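Colleague: Contents of entry00.cif (mmCIF, C-alpha atoms) are below:
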data_data
#
loop_
_atom_site.label_atom_id
_atom_site.label_comp_id
_atom_site.auth_asym_id
_atom_site.auth_seq_id
_atom_site.Cartn_x
_atom_site.Cartn_y
_atom_site.Cartn_z
CA MET O 177 1.55 -16.66 9.80
CA ALA O 178 5.15 -16.46 10.89
CA GLU O 179 6.25 -20.06 10.38
CA ARG O 180 5.31 -22.73 7.91
CA ALA O 181 4.74 -26.36 8.76
CA SER O 182 7.37 -28.74 7.43
CA PRO O 183 7.29 -29.19 3.64
CA ASP O 184 6.11 -32.80 3.89
CA GLU O 185 2.79 -31.71 5.36
CA SER O 186 -0.06 -30.98 2.97
CA LEU O 187 -2.94 -28.62 3.63
CA ALA O 188 -5.21 -31.01 1.72
CA ASP O 189 -4.92 -33.50 4.56
CA LEU O 190 -6.56 -31.21 7.11
CA SER O 191 -9.18 -29.01 5.54
CA ILE O 192 -11.79 -27.38 7.71
CA ALA O 193 -15.08 -28.88 6.60
CA GLU O 194 -17.30 -26.22 5.07
CA PRO O 195 -20.60 -26.17 3.15
CA LYS O 196 -20.14 -26.91 -0.53
CA ALA O 197 -20.39 -23.97 -2.91
CA ARG O 198 -21.99 -24.30 -6.35
CA LEU O 199 -19.11 -23.54 -8.67
CA ASP O 200 -18.73 -23.65 -12.44
CA TYR O 201 -15.60 -25.31 -13.80
CA PRO O 202 -15.09 -24.43 -17.48
CA PHE O 203 -11.97 -26.62 -17.78
CA GLU O 204 -12.50 -30.20 -16.65
CA THR O 205 -9.02 -31.56 -17.43
CA PRO O 206 -5.79 -29.96 -16.18
CA PRO O 207 -2.66 -29.67 -18.32
CA GLY O 208 -0.20 -32.54 -18.25
CA PRO O 209 3.48 -32.20 -17.29
CA GLY O 210 5.14 -29.59 -19.50
CA GLU O 211 1.84 -28.73 -21.18
CA ALA O 212 -0.22 -25.54 -21.00
CA ILE O 213 -3.82 -24.49 -21.51
CA GLU O 214 -4.75 -20.91 -22.40
CA VAL O 215 -7.56 -20.13 -19.96
CA ALA O 216 -7.84 -16.40 -20.74
CA ASP O 217 -6.26 -14.09 -23.27
CA GLY O 218 -2.51 -14.36 -22.74
CA VAL O 219 -2.87 -16.48 -19.58
CA LEU O 220 -1.48 -20.02 -19.71
CA TRP O 221 -2.26 -22.63 -17.06
CA LEU O 222 0.56 -25.03 -16.20
CA ARG O 223 0.96 -27.56 -13.40
CA GLN O 224 3.93 -28.55 -11.28
CA PRO O 225 4.18 -31.80 -9.28
CA LEU O 226 4.32 -31.74 -5.48
CA PRO O 227 5.65 -34.54 -3.23
CA PHE O 228 2.63 -34.35 -0.91
CA GLN O 229 -0.83 -35.86 -0.76
CA LEU O 230 -1.81 -32.60 -2.44
CA ASP O 231 0.18 -33.61 -5.51
CA HIS O 232 0.11 -30.48 -7.67
CA ILE O 233 0.28 -26.71 -7.78
CA ASN O 234 -1.12 -24.58 -10.59
CA VAL O 235 1.33 -22.01 -11.94
CA TRP O 236 0.65 -19.35 -14.53
CA ALA O 237 2.54 -17.93 -17.50
CA LEU O 238 1.31 -14.51 -18.56
CA ARG O 239 2.24 -13.25 -22.01
CA ASP O 240 4.46 -10.20 -21.52
CA GLY O 241 5.67 -8.70 -24.78
CA ASP O 242 8.36 -10.99 -26.15
CA GLY O 243 8.50 -13.09 -22.99
CA TRP O 244 6.55 -14.42 -20.03
CA THR O 245 5.71 -13.31 -16.52
CA ILE O 246 5.59 -16.40 -14.32
CA VAL O 247 3.29 -16.49 -11.28
CA ASP O 248 4.36 -19.07 -8.66
CA THR O 249 6.93 -21.75 -9.30
CA GLY O 250 6.52 -25.11 -7.57
CA VAL O 251 8.71 -26.66 -4.89
CA ARG O 252 12.43 -27.25 -5.28
CA MET O 253 12.92 -30.71 -6.74
CA LYS O 254 14.46 -32.15 -9.89
CA SER O 255 11.20 -33.36 -11.43
CA ALA O 256 9.69 -29.87 -11.15
CA MET O 257 12.70 -28.34 -12.92
CA GLU O 258 12.34 -30.91 -15.68
CA VAL O 259 8.66 -30.01 -16.12
CA TRP O 260 9.61 -26.34 -16.43
CA GLU O 261 12.23 -27.19 -19.06
CA GLN O 262 9.60 -29.11 -21.03
CA ALA O 263 7.28 -26.11 -20.86
CA PHE O 264 9.99 -23.67 -21.97
CA ALA O 265 10.80 -25.84 -24.97
CA GLY O 266 7.13 -26.50 -25.71
CA PRO O 267 4.14 -24.23 -25.11
CA LEU O 268 6.26 -21.27 -23.91
CA GLY O 269 8.04 -21.32 -27.26
CA GLY O 270 11.56 -20.76 -26.01
CA LYS O 271 10.75 -17.17 -25.01
CA PRO O 272 12.45 -15.75 -21.90
CA VAL O 273 10.93 -15.19 -18.48
CA THR O 274 10.80 -11.43 -17.88
CA ARG O 275 9.92 -11.61 -14.17
CA VAL O 276 8.79 -14.07 -11.50
CA ILE O 277 5.87 -13.15 -9.24
CA CYS O 278 5.24 -15.21 -6.09
CA THR O 279 1.86 -14.86 -4.42
CA HIS O 280 3.35 -15.86 -1.06
CA MET O 281 6.28 -17.54 0.66
CA HIS O 282 5.24 -21.15 1.07
CA PRO O 283 7.69 -23.60 -0.58
CA ASP O 284 5.29 -24.82 -3.27
CA HIS O 285 4.89 -21.23 -4.45
CA VAL O 286 8.43 -19.88 -4.06
CA GLY O 287 10.54 -23.03 -4.15
CA LEU O 288 11.98 -22.50 -7.65
CA ALA O 289 11.86 -18.70 -7.72
CA GLY O 290 15.60 -18.39 -7.19
CA TRP O 291 16.32 -20.92 -9.91
CA LEU O 292 14.10 -19.16 -12.45
CA VAL O 293 15.46 -15.71 -11.58
CA GLN O 294 19.01 -16.97 -11.98
CA LYS O 295 18.25 -18.87 -15.18
CA PHE O 296 16.69 -15.88 -16.94
CA ASP O 297 18.51 -13.04 -15.15
CA CYS O 298 15.19 -11.43 -14.21
CA ARG O 299 13.63 -9.93 -11.09
CA LEU O 300 11.60 -11.56 -8.33
CA TRP O 301 8.40 -9.68 -7.38
CA MET O 302 6.83 -10.31 -3.95
CA SER O 303 5.16 -8.42 -1.14
CA ARG O 304 7.60 -7.21 1.49
CA LEU O 305 6.43 -9.39 4.39
CA GLU O 306 6.34 -12.52 2.24
CA TYR O 307 9.89 -11.95 1.01
CA ILE O 308 11.28 -11.13 4.47
CA THR O 309 9.50 -14.04 6.15
CA CYS O 310 10.78 -16.43 3.50
CA ARG O 311 14.35 -15.25 4.00
CA MET O 312 13.90 -15.53 7.79
CA LEU O 313 12.69 -19.13 7.67
CA ALA O 314 15.36 -20.15 5.17
CA ALA O 315 17.96 -18.79 7.62
CA ASP O 316 16.85 -21.42 10.18
CA THR O 317 18.30 -24.19 8.03
CA GLY O 318 20.83 -26.16 10.05
CA LYS O 319 20.02 -24.45 13.35
CA GLU O 320 18.88 -26.16 16.52
CA ALA O 321 15.22 -25.87 17.46
CA PRO O 322 14.66 -22.91 19.82
CA ASP O 323 13.61 -23.27 23.45
CA ASP O 324 10.61 -21.00 22.79
CA GLY O 325 9.28 -23.49 20.27
CA GLU O 326 9.70 -26.38 22.67
CA ARG O 327 7.79 -24.48 25.38
CA PHE O 328 5.10 -23.62 22.85
CA TYR O 329 4.45 -27.23 21.85
CA ARG O 330 4.63 -28.44 25.44
CA SER O 331 2.00 -25.83 26.37
CA VAL O 332 -0.48 -27.18 23.81
CA GLY O 333 -0.17 -30.73 25.15
CA TRP O 334 2.36 -32.41 22.89
CA SER O 335 4.13 -35.51 24.17
CA GLU O 336 7.90 -35.67 24.60
CA GLU O 337 8.08 -37.94 21.53
CA GLN O 338 6.17 -35.41 19.40
CA ILE O 339 8.40 -32.58 20.58
CA ALA O 340 11.50 -34.64 19.78
CA SER O 341 10.15 -35.27 16.28
CA TRP O 342 9.54 -31.55 15.75
CA LYS O 343 13.07 -30.73 16.92
CA ALA O 344 14.53 -33.24 14.48
CA ARG O 345 12.59 -31.66 11.58
CA PHE O 346 13.25 -28.06 12.54
CA GLY O 347 14.87 -25.95 9.83
CA GLY O 348 13.48 -28.02 6.97
CA PHE O 349 11.91 -25.02 5.22
CA GLY O 350 15.13 -24.00 3.49
CA LYS O 351 15.59 -27.46 1.99
CA ALA O 352 12.38 -27.05 -0.03
CA ILE O 353 13.39 -23.81 -1.75
CA HIS O 354 16.19 -22.75 -4.06
CA HIS O 355 18.46 -20.02 -2.71
CA MET O 356 16.35 -16.88 -2.62
CA PRO O 357 17.45 -13.85 -4.67
CA ASP O 358 19.19 -11.24 -2.55
CA SER O 359 16.96 -8.49 -3.95
CA TYR O 360 13.37 -8.21 -5.11
CA ARG O 361 10.70 -5.83 -6.44
CA ARG O 362 8.02 -5.01 -3.89
CA LEU O 363 4.33 -5.67 -4.56
CA GLU O 364 1.90 -3.34 -2.75
CA ASP O 365 -1.79 -3.80 -2.00
CA GLY O 366 -4.13 -1.84 -4.29
CA LYS O 367 -1.45 -0.90 -6.80
CA PHE O 368 -1.36 -1.94 -10.46
CA ILE O 369 1.33 -3.64 -12.49
CA LEU O 370 1.37 -3.74 -16.27
CA ILE O 371 1.78 -7.14 -17.88
CA ASP O 372 1.74 -7.14 -21.68
CA GLY O 373 0.46 -3.58 -21.45
CA LYS O 374 -2.60 -4.59 -19.41
CA PRO O 375 -3.15 -3.52 -15.79
CA TRP O 376 -3.37 -6.15 -13.06
CA ARG O 377 -4.51 -4.91 -9.64
CA LEU O 378 -2.89 -6.32 -6.53
CA VAL O 379 -5.40 -7.47 -3.90
CA PHE O 380 -3.76 -8.65 -0.69
CA GLY O 381 -5.09 -11.11 1.87
CA ASN O 382 -3.89 -12.29 5.27
CA GLY O 383 -4.25 -15.25 7.58
CA HIS O 384 -2.85 -18.05 5.44
CA SER O 385 0.39 -16.11 5.08
CA PRO O 386 1.59 -12.65 6.13
CA GLU O 387 0.89 -10.56 3.01
CA HIS O 388 -0.55 -12.80 0.30
CA ALA O 389 -0.82 -11.17 -3.14
CA CYS O 390 -3.67 -11.95 -5.54
CA LEU O 391 -3.67 -10.46 -9.05
CA PHE O 392 -6.87 -9.20 -10.71
CA ARG O 393 -7.25 -8.15 -14.35
CA GLU O 394 -10.41 -6.22 -15.16
CA GLU O 395 -10.27 -7.38 -18.77
CA GLY O 396 -11.96 -10.76 -18.62
CA LYS O 397 -12.39 -10.39 -14.84
CA VAL O 398 -9.52 -12.79 -14.15
CA LEU O 399 -8.20 -13.39 -10.62
CA ILE O 400 -5.02 -15.31 -9.86
CA SER O 401 -5.99 -16.19 -6.30
CA GLY O 402 -3.00 -18.21 -5.05
CA ASP O 403 -4.08 -19.97 -1.86
CA GLN O 404 -6.39 -17.14 -0.77
CA VAL O 405 -9.40 -18.85 -2.39
CA LEU O 406 -9.35 -22.53 -3.32
CA PRO O 407 -12.34 -24.36 -4.83
CA ARG O 408 -12.45 -27.60 -2.81
CA ILE O 409 -10.25 -27.26 0.24
CA SER O 410 -9.78 -24.61 2.90
CA SER O 411 -6.27 -23.17 3.14
CA ASN O 412 -4.42 -23.78 6.38
CA VAL O 413 -4.75 -20.89 8.85
CA SER O 414 -2.42 -21.47 11.78
CA VAL O 415 -0.70 -20.04 14.83
CA TRP O 416 3.02 -20.83 15.04
CA PRO O 417 5.62 -20.64 17.85
CA THR O 418 7.06 -17.32 16.64
CA GLU O 419 3.74 -15.51 17.29
CA PRO O 420 1.75 -17.61 19.77
CA ASP O 421 -0.90 -14.96 20.49
CA ALA O 422 -1.69 -14.20 16.85
CA ASP O 423 -5.26 -14.18 15.53
CA PRO O 424 -4.81 -15.22 11.88
CA LEU O 425 -8.36 -16.56 11.56
CA THR O 426 -9.86 -13.09 12.01
CA ASP O 427 -7.39 -11.85 9.38
CA TRP O 428 -8.47 -14.68 7.09
CA LEU O 429 -12.19 -14.03 7.48
CA ASP O 430 -11.63 -10.30 6.94
CA SER O 431 -9.70 -11.09 3.76
CA LEU O 432 -12.51 -13.26 2.42
CA ALA O 433 -14.94 -10.40 3.02
CA LYS O 434 -12.53 -8.02 1.27
CA LEU O 435 -12.38 -10.19 -1.85
CA GLU O 436 -16.16 -10.36 -1.99
CA ARG O 437 -16.42 -6.61 -1.46
CA GLU O 438 -13.81 -5.57 -4.01
CA LEU O 439 -14.19 -8.12 -6.82
CA PRO O 440 -17.23 -8.94 -8.98
CA ALA O 441 -19.27 -12.08 -8.47
CA ASP O 442 -18.58 -13.31 -12.02
CA THR O 443 -14.79 -13.22 -11.56
CA PHE O 444 -12.93 -16.11 -13.20
CA VAL O 445 -10.76 -17.54 -10.40
CA LEU O 446 -7.42 -19.19 -11.11
CA PRO O 447 -6.46 -20.99 -7.86
CA SER O 448 -3.19 -22.61 -6.90
CA HIS O 449 -4.82 -25.99 -6.29
CA GLY O 450 -7.80 -27.55 -8.03
CA LEU O 451 -9.52 -26.32 -11.18
CA PRO O 452 -10.21 -22.75 -12.38
CA PHE O 453 -13.76 -21.77 -11.55
CA TYR O 454 -16.55 -19.21 -11.56
CA GLY O 455 -18.37 -18.51 -8.31
CA LEU O 456 -16.03 -16.34 -6.25
CA HIS O 457 -18.67 -14.96 -3.89
CA GLU O 458 -20.29 -18.36 -3.40
CA ARG O 459 -16.91 -19.80 -2.45
CA THR O 460 -15.87 -17.02 -0.06
CA ARG O 461 -19.23 -17.30 1.68
CA ALA O 462 -18.94 -21.08 1.96
CA LEU O 463 -15.45 -20.77 3.44
CA THR O 464 -16.68 -18.18 5.92
CA ARG O 465 -19.66 -20.33 6.94
CA GLY O 466 -17.39 -23.32 7.41
CA HIS O 467 -15.09 -21.52 9.82
CA GLU O 468 -17.95 -19.89 11.71
CA ARG O 469 -19.59 -23.28 12.22
CA SER O 470 -16.27 -24.67 13.40
CA LEU O 471 -16.08 -21.85 15.94
CA GLU O 472 -19.58 -22.68 17.15
CA ARG O 473 -18.70 -26.37 17.57
CA LEU O 474 -15.49 -25.45 19.31
CA THR O 475 -17.33 -23.20 21.77
CA ARG O 476 -19.60 -26.09 22.71
CA THR O 477 -16.58 -28.37 23.11
CA LEU O 478 -15.06 -25.90 25.58
CA ALA O 479 -17.87 -26.46 28.07
CA GLU O 480 -15.21 -28.59 29.76
CA PRO O 481 -11.55 -27.46 29.88
CA LYS O 482 -9.52 -28.62 26.89
CA ARG O 483 -5.97 -28.37 25.58
CA ALA O 484 -5.38 -27.29 22.00
CA ILE O 485 -4.75 -30.91 20.98
CA ASP O 486 -8.06 -32.02 22.52
CA VAL O 487 -10.29 -30.08 20.10
CA PHE O 488 -9.25 -31.62 16.77
CA GLY O 489 -12.55 -33.47 16.52
CA SER O 490 -14.44 -30.16 16.47
CA LEU O 491 -12.44 -28.90 13.49
CA PHE O 492 -11.29 -31.71 11.23
CA ALA O 493 -13.19 -34.30 9.27
CA ARG O 494 -10.55 -37.02 9.77
CA PRO O 495 -8.27 -38.25 12.55
CA VAL O 496 -4.98 -36.39 13.01
CA GLY O 497 -1.80 -38.47 12.88
CA ASP O 498 1.57 -37.48 14.26
CA ASP O 499 2.69 -36.42 10.77
CA MET O 500 0.03 -33.69 10.75
CA MET O 501 0.28 -32.51 14.36
CA GLY O 502 1.99 -29.23 13.49
CA MET O 503 -0.67 -27.99 11.10
CA ALA O 504 -3.54 -29.38 13.18
CA THR O 505 -2.26 -27.73 16.34
CA GLY O 506 -1.71 -24.44 14.53
CA GLU O 507 -5.21 -24.51 13.08
CA SER O 508 -6.73 -25.33 16.48
CA LEU O 509 -4.90 -22.44 18.10
CA ALA O 510 -6.04 -20.10 15.34
CA HIS O 511 -9.65 -20.92 16.21
CA LEU O 512 -9.04 -20.77 19.96
CA ASN O 513 -7.30 -17.40 19.72
CA CYS O 514 -10.15 -16.11 17.56
CA LEU O 515 -12.68 -17.13 20.22
CA LYS O 516 -10.52 -15.46 22.84
CA GLU O 517 -10.45 -12.20 20.86
CA ARG O 518 -14.24 -12.39 20.57
CA GLY O 519 -14.54 -12.79 24.32
CA LEU O 520 -15.92 -16.32 23.97
CA ALA O 521 -13.03 -18.31 25.45
CA VAL O 522 -10.39 -17.95 28.15
CA SER O 523 -7.17 -19.83 28.79
CA ALA O 524 -4.81 -20.47 31.70
CA PRO O 525 -1.69 -22.63 32.21
CA ASP O 526 -1.51 -25.37 34.81
CA GLU O 527 1.47 -26.04 37.09
CA HIS O 528 3.25 -27.87 34.23
CA GLY O 529 2.86 -24.98 31.78
CA VAL O 530 0.13 -26.74 29.77
CA VAL O 531 -2.57 -24.28 28.67
CA TRP O 532 -6.20 -25.22 29.23
CA TRP O 533 -9.06 -23.54 27.38
CA ARG O 534 -12.73 -23.17 28.33
CA ALA O 535 -15.73 -21.20 27.13
CA ALA O 536 -16.02 -17.76 28.69
#
Translate the structure described by the file into structure tokens.
Modeller:
Amino acid sequence: MAERASPDESLADLSIAEPKARLDYPFETPPGPGEAIEVADGVLWLRQPLPFQLDHINVWALRDGDGWTIVDTGVRMKSAMEVWEQAFAGPLGGKPVTRVICTHMHPDHVGLAGWLVQKFDCRLWMSRLEYITCRMLAADTGKEAPDDGERFYRSVGWSEEQIASWKARFGGFGKAIHHMPDSYRRLEDGKFILIDGKPWRLVFGNGHSPEHACLFREEGKVLISGDQVLPRISSNVSVWPTEPDADPLTDWLDSLAKLERELPADTFVLPSHGLPFYGLHERTRALTRGHERSLERLTRTLAEPKRAIDVFGSLFARPVGDDMMGMATGESLAHLNCLKERGLAVSAPDEHGVVWWRAA
């Protein structure tokens, strides 16, 4: 993914419906603001508020010698900073943050990274593409919406009013994050990092974001999954104006298969949203089945030519309002481009530049 939807849009609003997986949730109640629950040896679960329908993000404090490694941060807003201050004075015992790891570049994960790095004079750790993409999007703040983006949204069937609304919101990404550090430490797929003397393996995924980093500790079989695997919703997988021909859904499905292949079935999953759970393989399979069934429905829908905005009913369990058009359109295009790569759909523009899709 090369561009994020505006920060006021929540992936919980538009999940792809998928078969339910049978998961085991050992912790039924999440921590309150400024509180923490130790879910594994040296791993504390905290929550940060979000100003979306999806009203929280799970963040993690990992014991690291005389301090803490923080994984993900919450979005930039005063109430989230106050919750962090409560946690530092409370369950984190006043100990310093030794480093900040961000699984990926979406504002709810990286929004306060710059603030924490500055506050504790420590290093930000991210994968290269996530860091660069974040800096790129933040640089759009205050700029006018590009002509390429306008052509993109006109080609999918947006109205002039919807395009005008997008242009007015363009550049909002940077407002949801603190100023990013000007340097970082690179995370690399398959490599290990030591936290409190214990190795955590980096397992990358793609599709939801460019180079999403999950962290796996063999001791206790603990996986910090970020948004790569969530227990009750399906992460947004979208095509954006900066890469209109991308096929992120194939990347996403390949990443789910990779997690199942490389990690044990009894892994304890610590997701960014929802409750920690057991049942990694059940969940990856359910997510895969859900998207494959959506592709099947979409193929049937394309018996008659359709624009990207005409196929929402094949993908989403609820109506799509104007406030969710960006994410819905991106998700629709991800499925359409996937069908095209599989040789199951073709597309062509009409005389107005609007692209029409049909089954091959």
Colleague: Within 9 Å of (-5.8, -26.3, 14.5), all atoms listed in the file: residues as a list in words?
Modeller: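 Output: Leu190, Asn412, Val413, Ser414, Val415, Ala484, Ile485, Val487, Phe488, Leu491, Phe492, Met501, Gly502, Met503, Ala504, Thr505, Gly506, Glu507, Ser508, Leu509, Ala510, His511 and Leu512 of chain O.
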Colleague: Using Å and a single decimal, report how far atom CA of O:Pro202 sits from atom CA of O:Gly266.
Modeller: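 Distance reported for this atom pair: 23.8 Å.
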Colleague: Hey, what's within 6 Å of O:Leu288 if we count all atoms listed in the file and toss same-chain stuff fewer than 6 positions away? As a PyMOL selection string, please?
Modeller: chain O and resi 249+251-252+354
Colleague: With a cut-off of 10 Å, could you pull out the residues of stretch 351-408 of chain O touching stretch 207-225 of chain O and give me the nearest pair of atoms for each, distance in Å to one decimal, using all atoms listed in the file, ordered by chain and ascending number, as CSV?
Modeller:
residue,atom,partner,partner_atom,distance
O:Ile371,CA,O:Gly218,CA,9.7
O:Asp372,CA,O:Gly218,CA,8.4
O:Glu395,CA,O:Asp217,CA,9.0
O:Gly396,CA,O:Ala216,CA,7.3
O:Lys397,CA,O:Ala216,CA,9.6
O:Val398,CA,O:Ala216,CA,7.7
Colleague: Take the PyMOL selection byres ((chain O and resi 275) around 12), apply it to the structure above, and return the hits as JSON, numbers by chain.
Modeller: {"O": [237, 238, 239, 240, 241, 243, 244, 245, 246, 247, 248, 249, 272, 273, 274, 276, 277, 278, 289, 290, 292, 293, 294, 295, 296, 297, 298, 299, 300, 301, 302, 360, 361, 369, 370, 371, 372]}
Colleague: Suppose you want the space between atom CA of O:Leu406 and atom CA of O:Trp342; what is it in Å?
Modeller: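 About the pair atom CA of O:Leu406 and atom CA of O:Trp342: they are 28.3 Å apart.
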Colleague: Just give me the gap between atom CA of O:Ala493 and atom CA of O:Val405 in Å, one decimal is fine.
Modeller: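 Separation between atom CA of O:Ala493 and atom CA of O:Val405: 19.7 Å.
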Colleague: Compare O:Lys271, O:Arg473, O:Arg518, O:Arg362 by their minimum atom-to-atom distance to O:Ile308, counting only C-alpha atoms, and give me the closest one.
Modeller: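 Nearest candidate to O:Ile308 out of O:Lys271, O:Arg473, O:Arg518, O:Arg362: O:Arg362.
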Colleague: Between O:Ala352, O:Met312, O:Val332, O:Leu230, which is the closest to O:Thr418 once you count all atoms listed in the file?
Modeller: O:Met312
Colleague: Hey, what comes out of the PyMOL selection byres ((chain O and resi 531) around 8) on this file? Could you write it as a list in words?
Modeller: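 Evaluating the PyMOL selection byres ((chain O and resi 531) around 8) on this file yields Ser331, Val332, Gly333, Arg483, Ala484, Ser523, Ala524, Pro525, Asp526, Gly529, Val530, Trp532 and Trp533 of chain O.
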Colleague: Please tell me which residues are no farther than 12 Å from (7.5, -35.6, 18.0) in the file, counting only C-alpha atoms, and write them as a list in words.
Modeller: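 These residues have at least one counted atom within 12 Å: Glu326, Tyr329, Arg330, Gly333, Trp334, Ser335, Glu336, Glu337, Gln338, Ile339, Ala340, Ser341, Trp342, Lys343, Ala344, Arg345, Phe346, Gly497, Asp498, Asp499, Met500, Met501 and Gly502 of chain O.
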Colleague: So which residues get picked by the PyMOL selection byres ((chain O and resi 469) around 12) here, written as an NGL selection string?
Modeller: :O and (192-195 or 462-468 or 470-476 or 490-492 or 511)
Colleague: Taking into account only C-alpha atoms, which residue in the set O:Phe392, O:Asp442, O:Cys514, O:Gly373 is nearest to O:Asp427?
Modeller: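 Smallest separation from O:Asp427 among the options: O:Cys514.
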Colleague: From the list O:Leu399, O:Ala389, O:Met356, O:Leu363, which residue is nearest O:Pro452 when using only C-alpha atoms?
Modeller: O:Leu399
Colleague: Hey, what's within 12 Å of O:Asp430 if we count all atoms listed in the file and toss same-chain stuff fewer than 2 positions away? As a PyMOL selection string, please?
Modeller: chain O and resi 380-384+404+423-428+432-437+460-461+463-464
Colleague: Here is a test: counting only C-alpha atoms, which residue of O:Phe228, O:Tyr307, O:Trp376, O:Tyr201 is nearest to O:Asp358?
Modeller: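 Counting only C-alpha atoms, the residue closest to O:Asp358 is O:Tyr307.
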Colleague: Let me make sure I understand: among O:Gly269, O:Gly348, O:Gly318, O:Pro440, which one has the smallest atom-to-atom distance to O:Pro283 if we use all atoms listed in the file?
Modeller: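 For O:Pro283, the nearest of the given residues is O:Gly348.
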Colleague: Show which residues sit within 7 Å of stretch 457-459 of chain O, as a list in words. Count only C-alpha atoms, and ignore same-chain residues fewer than 6 positions away.
Modeller: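 These residues fall inside the cut-off: Ala197, Arg198, Pro407, Glu436 and Ala441 of chain O.
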